[in-house]
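Shown here: protein_11.pdb, PDB, C-alpha atoms.
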```pdb
ATOM      1  CA  MET A   1     169.214  77.140  92.563
ATOM      2  CA  ILE A   2     167.207  80.053  91.198
ATOM      3  CA  LEU A   3     168.842  82.033  88.439
ATOM      4  CA  THR A   4     167.817  85.465  87.418
ATOM      5  CA  CYS A   5     168.699  86.584  83.987
ATOM      6  CA  CYS A   6     168.765  90.220  83.226
ATOM      7  CA  HIS A   7     165.907  92.303  84.539
ATOM      8  CA  VAL A   8     166.715  92.071  88.232
ATOM      9  CA  GLU A   9     170.230  93.408  87.940
ATOM     10  CA  ARG A  10     169.398  96.575  86.004
ATOM     11  CA  SER A  11     170.097  99.803  87.806
ATOM     12  CA  GLU A  12     167.616 102.632  88.152
ATOM     13  CA  THR A  13     169.600 104.597  85.582
ATOM     14  CA  SER A  14     169.191 101.886  82.951
ATOM     15  CA  LEU A  15     165.468 102.505  83.044
ATOM     16  CA  THR A  16     165.860 106.064  81.821
ATOM     17  CA  ILE A  17     165.859 106.752  78.119
ATOM     18  CA  SER A  18     169.169 108.042  76.794
ATOM     19  CA  ALA A  19     169.267 110.397  73.848
ATOM     20  CA  GLY A  20     168.655 108.382  70.711
ATOM     21  CA  VAL A  21     167.509 105.231  72.524
ATOM     22  CA  ARG A  22     163.786 104.652  72.305
ATOM     23  CA  ASN A  23     161.674 102.166  74.170
ATOM     24  CA  HIS A  24     160.277  99.490  71.891
ATOM     25  CA  ASP A  25     159.776  95.755  72.172
ATOM     26  CA  TYR A  26     162.802  93.476  72.148
ATOM     27  CA  TRP A  27     163.132  89.816  72.990
ATOM     28  CA  VAL A  28     166.095  87.720  73.990
ATOM     29  CA  TYR A  29     165.350  84.088  73.282
ATOM     30  CA  ILE A  30     166.812  80.604  73.354
ATOM     31  CA  LEU A  31     166.141  78.040  70.630
ATOM     32  CA  THR A  32     166.971  74.360  70.582
ATOM     33  CA  ASN A  33     166.302  71.347  68.367
ATOM     34  CA  LYS A  34     163.957  68.424  69.007
ATOM     35  CA  HIS A  35     166.675  66.512  70.863
ATOM     36  CA  CYS A  36     167.720  69.568  72.940
ATOM     37  CA  THR A  37     171.362  69.004  72.013
ATOM     38  CA  THR A  38     172.245  72.518  70.828
ATOM     39  CA  LEU A  39     171.237  75.956  72.093
ATOM     40  CA  TYR A  40     171.059  79.233  70.197
ATOM     41  CA  ILE A  41     170.683  82.612  71.895
ATOM     42  CA  GLY A  42     169.321  85.491  69.872
ATOM     43  CA  ILE A  43     167.786  88.935  70.085
ATOM     44  CA  THR A  44     165.027  90.447  67.949
ATOM     45  CA  ASN A  45     162.528  93.269  67.846
ATOM     46  CA  ASN A  46     159.879  90.998  66.284
ATOM     47  CA  ILE A  47     159.831  87.527  67.813
ATOM     48  CA  ALA A  48     157.120  86.163  65.537
ATOM     49  CA  ARG A  49     158.934  87.206  62.364
ATOM     50  CA  ARG A  50     162.270  85.912  63.690
ATOM     51  CA  LEU A  51     160.828  82.497  64.574
ATOM     52  CA  TYR A  52     159.316  82.326  61.112
ATOM     53  CA  GLN A  53     162.762  83.078  59.639
ATOM     54  CA  HIS A  54     164.393  80.364  61.728
ATOM     55  CA  ARG A  55     161.785  77.794  60.792
ATOM     56  CA  SER A  56     161.674  78.606  57.088
ATOM     57  CA  GLY A  57     165.450  78.504  56.719
ATOM     58  CA  GLU A  58     165.824  82.260  56.143
ATOM     59  CA  ALA A  59     167.889  82.692  59.319
ATOM     60  CA  ASP A  60     171.621  82.162  59.646
ATOM     61  CA  SER A  61     173.317  78.914  58.692
ATOM     62  CA  PHE A  62     173.996  77.864  62.306
ATOM     63  CA  THR A  63     170.312  77.524  63.179
ATOM     64  CA  ARG A  64     169.640  75.893  59.819
ATOM     65  CA  ARG A  65     172.505  73.410  60.186
ATOM     66  CA  TYR A  66     171.441  72.275  63.673
ATOM     67  CA  HIS A  67     167.658  72.495  63.064
ATOM     68  CA  LEU A  68     167.172  74.983  65.897
ATOM     69  CA  ASN A  69     163.503  75.880  65.729
ATOM     70  CA  ARG A  70     162.021  75.257  69.198
ATOM     71  CA  LEU A  71     161.581  78.313  71.417
ATOM     72  CA  VAL A  72     162.356  77.178  74.975
ATOM     73  CA  TRP A  73     163.036  80.475  76.760
ATOM     74  CA  ILE A  74     162.176  84.125  76.137
ATOM     75  CA  GLU A  75     162.468  87.433  77.963
ATOM     76  CA  HIS A  76     160.912  90.750  76.938
ATOM     77  CA  PHE A  77     162.662  94.124  77.121
ATOM     78  CA  ARG A  78     161.609  97.687  76.364
ATOM     79  CA  ASN A  79     165.157  99.033  76.016
ATOM     80  CA  VAL A  80     167.505  97.681  73.338
ATOM     81  CA  ARG A  81     170.614  98.200  75.468
ATOM     82  CA  ASP A  82     169.160  96.043  78.232
ATOM     83  CA  ALA A  83     168.284  93.332  75.706
ATOM     84  CA  ILE A  84     171.770  93.368  74.181
ATOM     85  CA  ALA A  85     173.348  93.203  77.637
ATOM     86  CA  CYS A  86     171.177  90.194  78.502
ATOM     87  CA  GLU A  87     172.055  88.413  75.254
ATOM     88  CA  LYS A  88     175.771  88.931  75.844
ATOM     89  CA  LYS A  89     175.461  87.786  79.439
ATOM     90  CA  LEU A  90     173.656  84.573  78.458
ATOM     91  CA  LYS A  91     176.175  83.816  75.715
ATOM     92  CA  GLY A  92     178.895  83.924  78.378
ATOM     93  CA  TRP A  93     177.203  81.320  80.557
ATOM     94  CA  ARG A  94     178.041  77.625  80.549
ATOM     95  CA  ARG A  95     175.387  75.316  79.156
ATOM     96  CA  SER A  96     174.549  73.973  82.628
ATOM     97  CA  ARG A  97     173.574  77.445  83.805
ATOM     98  CA  LYS A  98     171.454  78.045  80.683
ATOM     99  CA  THR A  99     169.731  74.718  81.318
ATOM    100  CA  VAL A 100     168.812  75.766  84.854
ATOM    101  CA  LEU A 101     167.441  79.067  83.519
ATOM    102  CA  ILE A 102     165.282  77.291  80.928
ATOM    103  CA  GLU A 103     164.004  74.697  83.380
ATOM    104  CA  GLN A 104     162.850  77.319  85.888
ATOM    105  CA  THR A 105     160.034  78.358  83.539
ATOM    106  CA  ASN A 106     159.926  75.468  81.086
ATOM    107  CA  PRO A 107     160.965  72.237  82.847
ATOM    108  CA  ARG A 108     159.807  69.992  79.993
ATOM    109  CA  TRP A 109     161.515  72.105  77.308
ATOM    110  CA  LEU A 110     158.251  72.577  75.429
ATOM    111  CA  ASP A 111     158.134  74.834  72.390
ATOM    112  CA  LEU A 112     156.678  77.991  73.907
ATOM    113  CA  SER A 113     155.394  79.159  70.548
ATOM    114  CA  ASP A 114     153.301  76.061  69.804
ATOM    115  CA  ASP A 115     149.996  77.717  70.673
ATOM    116  CA  TRP A 116     150.907  80.862  68.725
ATOM    117  CA  GLU A 117     149.681  79.176  65.525
ATOM    118  CA  GLN A 118     146.148  79.628  66.822
ATOM    119  CA  GLN A 119     146.698  83.387  66.855
ATOM    120  CA  PRO A 120     146.332  85.626  63.777
ATOM    121  CA  LYS A 121     149.314  85.691  61.417
ATOM    122  CA  PHE A 122     151.220  88.027  63.695
ATOM    123  CA  TYR A 123     154.299  88.247  61.482
ATOM    124  CA  ASP A 124     152.129  90.034  58.895
ATOM    125  CA  CYS A 125     150.352  92.499  61.157
ATOM    126  CA  PRO A 126     151.428  94.605  64.149
ATOM    127  CA  TRP A 127     149.904  93.670  67.476
ATOM    128  CA  HIS A 128     151.016  93.222  71.040
ATOM    129  CA  THR A 129     153.094  90.060  71.243
ATOM    130  CA  GLU A 130     153.527  90.768  74.951
ATOM    131  CA  GLU A 131     149.878  89.749  75.454
ATOM    132  CA  MET A 132     150.526  86.535  73.553
ATOM    133  CA  ILE A 133     153.558  85.758  75.724
ATOM    134  CA  ARG A 134     151.694  86.538  78.937
ATOM    135  CA  ASP A 135     148.939  84.098  77.916
ATOM    136  CA  SER A 136     151.282  81.372  76.664
ATOM    137  CA  SER A 137     152.921  78.539  78.533
ATOM    138  CA  LEU A 138     155.702  80.696  79.986
ATOM    139  CA  ARG A 139     154.173  80.324  83.412
ATOM    140  CA  SER A 140     155.840  77.873  85.771
ATOM    141  CA  GLU A 141     154.335  74.445  85.762
TER     142      GLU A 141
END
```
Now, as a test, write the supplied structure out as structure tokens.
Amino acid sequence: MILTCCHVERSETSLTISAGVRNHDYWVYILTNKHCTTLYIGITNNIARRLYQHRSGEADSFTRRYHLNRLVWIEHFRNVRDAIACEKKLKGWRRSRKTVLIEQTNPRWLDLSDDWEQQPKFYDCPWHTEEMIRDSSLRSE
């Protein structure tokens, strides 16, 4: 079973920029803990900063309470409305469907941000995280 998340189902009109909506970088992501018992779905415009917040305890109490700090799935968007739609869609899925989605690109549930530590401190300086994601372990194994 191959699941598609959000990009495939967008219409041609969703690719146009509406008044007031600008194209930037947005990420929808899934976090889990070391035992993969709980999932958290979030959206951000700065994935590096948001992961730092989750790991340092600055993020909401849910991720702190369940120690959700392992990035196991991520998808990049240029339009905030598309990212929000994807986040809402994923939150409506059963866990079994989310598991299939994660395992399509990350069958061993590795922390996709592990090798990001070797990069410059990207939460302090602007740079293209998309390049980092493209070079990371998001590729199918």
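Reported to one decimal place, the separation of CA of Arg50 in chain A from CA of Val28 in chain A is 11.1 Å.
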Fill in: Distance query Leu90 in chain A at most 12 Å, all atoms listed in the file, self and fewer than 2 positions along chain excluded, as a ChimeraX atom specification
/A:3-6,28-30,39-43,73-75,83-88,92-102
Discussion item. Report as a PyMOL selection string all protein, DNA and RNA residues lying within 8 Å of Asn33 in chain A, evaluated on only C-alpha atoms, omitting residues in the same chain fewer than 6 positions from it.
Written reply: chain A and resi 39+66-70
Response to the item:
One decimal place gives the CA of Trp27 in chain A-CA of Ser113 in chain A separation as 13.4 Å
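The coordinates place CA of Thr37 in chain A at 15.4 Å from CA of Pro107 in chain A.
Using only C-alpha atoms for every distance, the candidate list A:Lys91, A:Val72, A:Glu58, A:Phe77 yields A:Val72 as the residue closest to Gln104 in chain A.
The closest residue to Arg108 in chain A, picked from A:His24, A:Thr44, A:Leu51, A:His35 and counting all atoms listed in the file, is A:His35.
Proximity to Asn46 in chain A was assessed for A:Asp111, A:Tyr26, A:Asp82, A:His76 counting all atoms listed in the file; the smallest distance is recorded for A:Tyr26.
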